[in-house]
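model-v6.txt follows; it contains compact mmCIF, C-alpha atoms.
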```txt
# COMPACT_ATOMS: atom_id res chain seq x y z
CA MET A 290 -16.26 31.28 -136.56
CA CYS A 291 -15.61 34.52 -134.75
CA GLU A 292 -12.19 35.51 -133.52
CA TYR A 293 -12.63 39.25 -133.04
CA CYS A 294 -13.11 39.59 -129.27
CA GLY A 295 -10.36 37.28 -128.03
CA CYS A 296 -12.71 35.01 -126.08
CA GLN A 297 -11.19 31.93 -127.73
CA ALA A 298 -8.02 32.61 -125.77
CA LEU A 299 -9.89 31.05 -122.84
CA GLU A 300 -9.70 27.27 -122.98
CA THR A 301 -13.36 26.88 -122.02
CA ILE A 302 -14.57 29.10 -124.87
CA ASP A 303 -12.08 27.52 -127.26
CA GLU A 304 -13.50 24.07 -126.46
CA LEU A 305 -17.07 25.30 -126.95
CA THR A 306 -16.02 26.90 -130.24
CA MET A 307 -14.36 23.67 -131.43
CA GLU A 308 -17.59 21.85 -130.64
CA HIS A 309 -19.50 24.44 -132.66
CA GLU A 310 -17.10 23.94 -135.57
CA ARG A 311 -17.53 20.17 -135.38
CA VAL A 312 -21.33 20.53 -135.40
CA VAL A 313 -21.25 22.93 -138.38
CA ASN A 314 -19.09 20.42 -140.24
CA LEU A 315 -21.53 17.62 -139.44
CA ILE A 316 -24.46 19.78 -140.55
CA SER A 317 -22.85 20.07 -143.98
CA HIS A 318 -22.65 16.28 -144.17
CA VAL A 319 -26.33 15.96 -143.20
CA ARG A 320 -27.21 18.31 -146.04
CA GLU A 321 -25.22 16.15 -148.46
CA ALA A 322 -26.96 13.02 -147.21
CA ARG A 323 -30.35 14.72 -147.62
CA ARG A 324 -29.50 15.77 -151.15
CA ASP A 325 -28.51 12.17 -151.91
CA GLY A 326 -31.67 10.76 -150.29
CA GLU A 327 -29.69 8.92 -147.60
CA VAL A 328 -32.07 9.18 -144.64
CA THR A 329 -30.25 6.50 -142.64
CA ARG A 330 -27.00 8.47 -143.02
CA MET A 331 -28.83 11.61 -141.92
CA ALA A 332 -29.86 9.80 -138.73
CA GLU A 333 -26.30 8.56 -138.11
CA LEU A 334 -25.01 12.12 -138.44
CA ALA A 335 -27.82 13.49 -136.24
CA ARG A 336 -26.78 11.02 -133.53
CA GLU A 337 -23.18 12.18 -133.89
CA ILE A 338 -24.29 15.81 -133.57
CA ALA A 339 -26.23 14.87 -130.44
CA THR A 340 -23.12 13.33 -128.87
CA VAL A 341 -21.27 16.62 -129.34
CA VAL A 342 -24.20 18.81 -128.31
CA GLY A 343 -24.93 16.85 -125.11
CA PRO A 344 -21.93 17.84 -122.98
CA HIS A 345 -21.72 21.19 -124.77
CA THR A 346 -25.24 22.09 -123.65
CA GLN A 347 -24.45 21.01 -120.09
CA VAL A 348 -21.47 23.38 -119.97
CA GLU A 349 -23.62 26.21 -121.24
CA GLU A 350 -26.70 25.59 -119.14
CA HIS A 351 -24.94 24.70 -115.89
CA GLY A 352 -21.89 26.91 -116.28
CA LEU A 353 -22.13 29.90 -118.62
CA PHE A 354 -25.85 30.63 -118.62
CA PRO A 355 -26.32 30.84 -114.82
CA ALA A 356 -23.55 33.43 -114.70
CA LEU A 357 -25.25 35.51 -117.40
CA VAL A 358 -28.94 35.04 -116.62
CA ALA A 359 -29.27 38.03 -114.28
CA GLU A 360 -28.25 40.45 -117.00
CA PHE A 361 -29.57 38.58 -120.06
CA SER A 362 -32.54 36.58 -118.76
CA GLU A 363 -34.73 36.74 -121.88
CA LYS A 364 -31.88 35.85 -124.23
CA ILE A 365 -30.78 32.95 -122.03
CA ALA A 366 -34.36 31.66 -121.81
CA ALA A 367 -34.64 31.79 -125.60
CA LEU A 368 -31.36 29.91 -126.05
CA GLU A 369 -32.45 27.23 -123.59
CA ALA A 370 -35.77 26.85 -125.42
CA GLU A 371 -33.83 26.39 -128.66
CA HIS A 372 -31.71 23.72 -126.95
CA ARG A 373 -34.90 21.78 -126.13
CA ARG A 374 -36.22 22.05 -129.72
CA ILE A 375 -32.89 20.94 -131.17
CA GLU A 376 -32.49 18.05 -128.71
CA ALA A 377 -36.02 16.80 -129.43
CA VAL A 378 -35.51 16.47 -133.18
CA LEU A 379 -31.99 15.05 -132.82
CA ALA A 380 -33.38 12.45 -130.39
CA GLU A 381 -35.75 11.22 -133.07
CA ALA A 382 -32.70 9.82 -134.88
CA GLU A 383 -32.71 7.12 -132.19
CA GLY A 384 -36.28 6.11 -132.97
CA PRO A 385 -38.41 5.16 -135.95
CA PHE A 386 -37.24 8.06 -138.16
CA LEU A 387 -37.62 5.92 -141.28
CA ALA A 388 -41.35 5.59 -140.59
CA ASP A 389 -41.82 9.37 -140.42
CA PRO A 390 -41.55 10.94 -143.87
CA THR A 391 -41.50 14.43 -142.30
CA TRP A 392 -38.41 13.78 -140.18
CA PRO A 393 -35.73 14.52 -142.80
CA GLU A 394 -37.18 17.95 -143.53
CA ARG A 395 -37.75 18.67 -139.85
CA LEU A 396 -34.13 17.71 -139.20
CA ILE A 397 -32.92 20.12 -141.89
CA GLU A 398 -35.09 22.91 -140.43
CA THR A 399 -33.75 22.12 -136.94
CA LEU A 400 -30.18 22.19 -138.19
CA ASP A 401 -30.87 25.63 -139.69
CA LEU A 402 -32.02 26.67 -136.22
CA LEU A 403 -28.91 25.09 -134.70
CA ARG A 404 -26.64 26.97 -137.12
CA ASN A 405 -28.28 30.28 -136.20
CA HIS A 406 -28.15 29.31 -132.53
CA ILE A 407 -24.41 28.76 -132.82
CA LEU A 408 -23.99 32.23 -134.31
CA LYS A 409 -25.92 33.75 -131.38
CA GLU A 410 -23.60 32.03 -128.95
CA GLN A 411 -20.44 32.90 -130.87
CA ASP A 412 -21.39 36.54 -131.37
CA GLY A 413 -23.33 37.14 -128.15
CA VAL A 414 -22.90 34.67 -125.31
CA PHE A 415 -19.16 34.12 -125.59
CA PRO A 416 -18.18 37.80 -125.79
CA ALA A 417 -20.67 38.60 -122.99
CA ALA A 418 -19.12 35.87 -120.85
CA LEU A 419 -15.65 37.23 -121.53
CA ALA A 420 -16.75 40.69 -120.44
CA ASN A 421 -18.90 39.71 -117.44
CA LEU A 422 -17.78 36.51 -115.74
CA SER A 423 -15.67 36.65 -112.61
CA THR A 424 -12.81 34.27 -111.89
CA GLU A 425 -15.12 32.26 -109.63
CA GLU A 426 -17.76 32.01 -112.35
CA TRP A 427 -15.16 30.81 -114.89
CA GLU A 428 -14.03 28.21 -112.35
CA ALA A 429 -17.65 27.04 -112.05
CA VAL A 430 -17.88 26.72 -115.85
CA GLU A 431 -14.62 24.76 -115.90
CA ALA A 432 -15.93 22.49 -113.13
CA VAL A 433 -18.97 21.65 -115.27
CA ARG A 434 -16.68 20.87 -118.23
CA ALA A 435 -14.51 18.65 -116.04
CA ARG A 436 -17.62 16.80 -114.86
CA VAL A 437 -19.28 16.29 -118.27
CA GLY A 438 -16.18 16.15 -120.46
CA THR A 439 -16.36 16.44 -124.21
CA LEU A 440 -17.19 13.87 -126.83
CA LEU A 441 -15.05 15.56 -129.46
CA PRO A 442 -12.53 13.14 -130.87
CA ALA A 443 -9.00 14.37 -131.36
CA GLY A 444 -8.85 16.46 -134.54
CA ALA A 445 -12.66 16.64 -134.66
CA THR A 446 -12.83 19.99 -136.45
CA ASP A 447 -11.56 18.41 -139.67
```

Written form, structure tokens:
Amino acid sequence: MCEYCGCQALETIDELTMEHERVVNLISHVREARRDGEVTRMAELAREIATVVGPHTQVEEHGLFPALVAEFSEKIAALEAEHRRIEAVLAEAEGPFLADPTWPERLIETLDLLRNHILKEQDGVFPAALANLSTEEWEAVEAVRARVGTLLPAGATD
């Protein structure tokens, strides 16, 4: 992941980046499970991705994005729409995914979207936040993180 702008020096961005790294790692495992025809394992991994993405999205949508929306409204709206698409397909891992033969491919397509989404955040949102957020806005982001926590286990980027 990116390290060129220095935004990871901020604990909040570092945590979001670690969550991105965990998700990217899990995506690689989903691809392996798909290749091996292990749809049940794909669903287990999709549920694990959802547990990481849940609080992560809250921090973005209730912390970072409100601070950036005035200047980047269309980009923020697009990212939020992608969040909804990603959440919807990940949520299907809780339901009758085995009865839907299209779900594994839709999951892979959604994970491609998620991977590109992560790059947009790493290369766009995080540096923009570093450049534009005030101390008060960072405190608001940190308050959201404190409220929602993180579901990353210790050493989760392995």

Nearest to Thr301 (chain A), chosen from A:Glu381, A:Glu321, A:Gly352, A:Leu334, with only C-alpha atoms counted in the distances:
A:Gly352

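Put simply, CA of Lys364 (chain A) is 13.9 Å away from CA of Pro416 (chain A).
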
Enclose the full set of atoms of region 347-357 of chain A listed in the file within a box whose edges lie along x, y and z, apply 8 Å of padding to each of the six sides, and report centre and edge lengths in Å to one decimal as lines of an AutoDock Vina configuration file.
```
center_x = -24.1
center_y = 28.3
center_z = -118.0
size_x = 21.2
size_y = 30.5
size_z = 22.5
```

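Atom pair CA of Leu422 (chain A) / CA of Leu357 (chain A) has a distance of 7.7 Å (rounded to one decimal).
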
Which polymer residues have any atom within 10 Å of an atom of Thr340 (chain A), counting only C-alpha atoms, with same-chain residues fewer than 6 positions away left out, as a list in words?
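The residues that qualify are Val312, Leu334, Leu379, Thr439, Leu440 and Leu441 of chain A.
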
Using only C-alpha atoms, which of the listed residues (A:Arg373, A:Arg434, A:Arg323, A:His345) sits closest to Glu308 (chain A)?
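Smallest distance to Glu308 (chain A) is found for A:His345.
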
What separation in Å, quoted to one decimal, exists between CA of Glu360 (chain A) and CA of Glu428 (chain A)?
19.3 Å

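The set of protein, DNA and RNA residues with any counted atom at most 12 Å from (-24.1, 31.4, -141.0) (all atoms listed in the file) reads Met290, Cys291, His309, Glu310, Val313, Ile316, Ser317, Leu400, Asp401, Leu402, Leu403, Arg404, Asn405, His406, Ile407, Leu408, Lys409, Gln411 and Asp412 of chain A.
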
Within 8 Å of Ala339 (chain A), counting all atoms listed in the file, which residues show up once you throw out same-chain ones fewer than 4 positions away? Write them as a PyMOL selection string, please.
chain A and resi 335+343+376+379-380

My list of candidates is A:Glu431, A:Glu425, A:Gly326, A:Ala370. Which is closest to Pro390 (chain A) when distances are computed with only C-alpha atoms?
A:Gly326

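You can rank A:Glu410, A:Glu363, A:Glu369, A:Glu333 by their closest distance to Leu305 (chain A) using all atoms listed in the file, and at the top of that list sits A:Glu410.
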
Taking into account only C-alpha atoms, which residue in the set A:Glu426, A:Arg320, A:Gly384, A:Ile302 is nearest to Glu398 (chain A)?
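Under the stated criterion, the closest residue is A:Arg320.
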
Reconstruct N, CA and C atoms of region 303-325 of chain A from the incomplete input and present them as a short mmCIF file (atom, residue, chain, number, x, y, z; two decimals), in the frame of the given file.
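Just written: result-v1.cif:
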```cif
data_model
loop_
_atom_site.label_atom_id
_atom_site.label_comp_id
_atom_site.auth_asym_id
_atom_site.auth_seq_id
_atom_site.Cartn_x
_atom_site.Cartn_y
_atom_site.Cartn_z
N ASP A 303 -12.70 28.19 -126.12
CA ASP A 303 -12.08 27.52 -127.26
C ASP A 303 -12.69 26.13 -127.45
N GLU A 304 -12.89 25.40 -126.36
CA GLU A 304 -13.50 24.07 -126.46
C GLU A 304 -14.93 24.16 -126.99
N LEU A 305 -15.71 25.12 -126.46
CA LEU A 305 -17.07 25.30 -126.95
C LEU A 305 -17.08 25.66 -128.43
N THR A 306 -16.12 26.49 -128.83
CA THR A 306 -16.02 26.90 -130.24
C THR A 306 -15.64 25.70 -131.12
N MET A 307 -14.72 24.87 -130.65
CA MET A 307 -14.36 23.67 -131.43
C MET A 307 -15.57 22.75 -131.58
N GLU A 308 -16.38 22.66 -130.54
CA GLU A 308 -17.59 21.85 -130.64
C GLU A 308 -18.55 22.45 -131.65
N HIS A 309 -18.67 23.77 -131.64
CA HIS A 309 -19.50 24.44 -132.66
C HIS A 309 -18.98 24.12 -134.06
N GLU A 310 -17.68 24.21 -134.25
CA GLU A 310 -17.10 23.94 -135.57
C GLU A 310 -17.36 22.51 -135.99
N ARG A 311 -17.26 21.57 -135.07
CA ARG A 311 -17.53 20.17 -135.38
C ARG A 311 -19.00 20.00 -135.81
N VAL A 312 -19.90 20.63 -135.08
CA VAL A 312 -21.33 20.53 -135.40
C VAL A 312 -21.61 21.14 -136.78
N VAL A 313 -21.04 22.29 -137.07
CA VAL A 313 -21.25 22.93 -138.38
C VAL A 313 -20.75 22.01 -139.49
N ASN A 314 -19.62 21.37 -139.26
CA ASN A 314 -19.09 20.42 -140.24
C ASN A 314 -20.06 19.26 -140.44
N LEU A 315 -20.57 18.73 -139.35
CA LEU A 315 -21.53 17.62 -139.44
C LEU A 315 -22.82 18.05 -140.13
N ILE A 316 -23.26 19.27 -139.88
CA ILE A 316 -24.46 19.78 -140.55
C ILE A 316 -24.27 19.75 -142.06
N SER A 317 -23.09 20.10 -142.53
CA SER A 317 -22.85 20.07 -143.98
C SER A 317 -22.96 18.65 -144.52
N HIS A 318 -22.53 17.68 -143.74
CA HIS A 318 -22.65 16.28 -144.17
C HIS A 318 -24.11 15.82 -144.17
N VAL A 319 -24.89 16.30 -143.21
CA VAL A 319 -26.33 15.96 -143.20
C VAL A 319 -26.99 16.51 -144.46
N ARG A 320 -26.63 17.72 -144.83
CA ARG A 320 -27.21 18.31 -146.04
C ARG A 320 -26.86 17.48 -147.28
N GLU A 321 -25.63 17.01 -147.34
CA GLU A 321 -25.22 16.15 -148.46
C GLU A 321 -26.04 14.86 -148.47
N ALA A 322 -26.20 14.26 -147.30
CA ALA A 322 -26.96 13.02 -147.21
C ALA A 322 -28.42 13.25 -147.61
N ARG A 323 -28.97 14.39 -147.23
CA ARG A 323 -30.35 14.72 -147.62
C ARG A 323 -30.46 14.86 -149.14
N ARG A 324 -29.51 15.57 -149.70
CA ARG A 324 -29.50 15.77 -151.15
C ARG A 324 -29.42 14.43 -151.89
N ASP A 325 -28.69 13.47 -151.29
CA ASP A 325 -28.51 12.17 -151.91
C ASP A 325 -29.61 11.17 -151.52
#
```
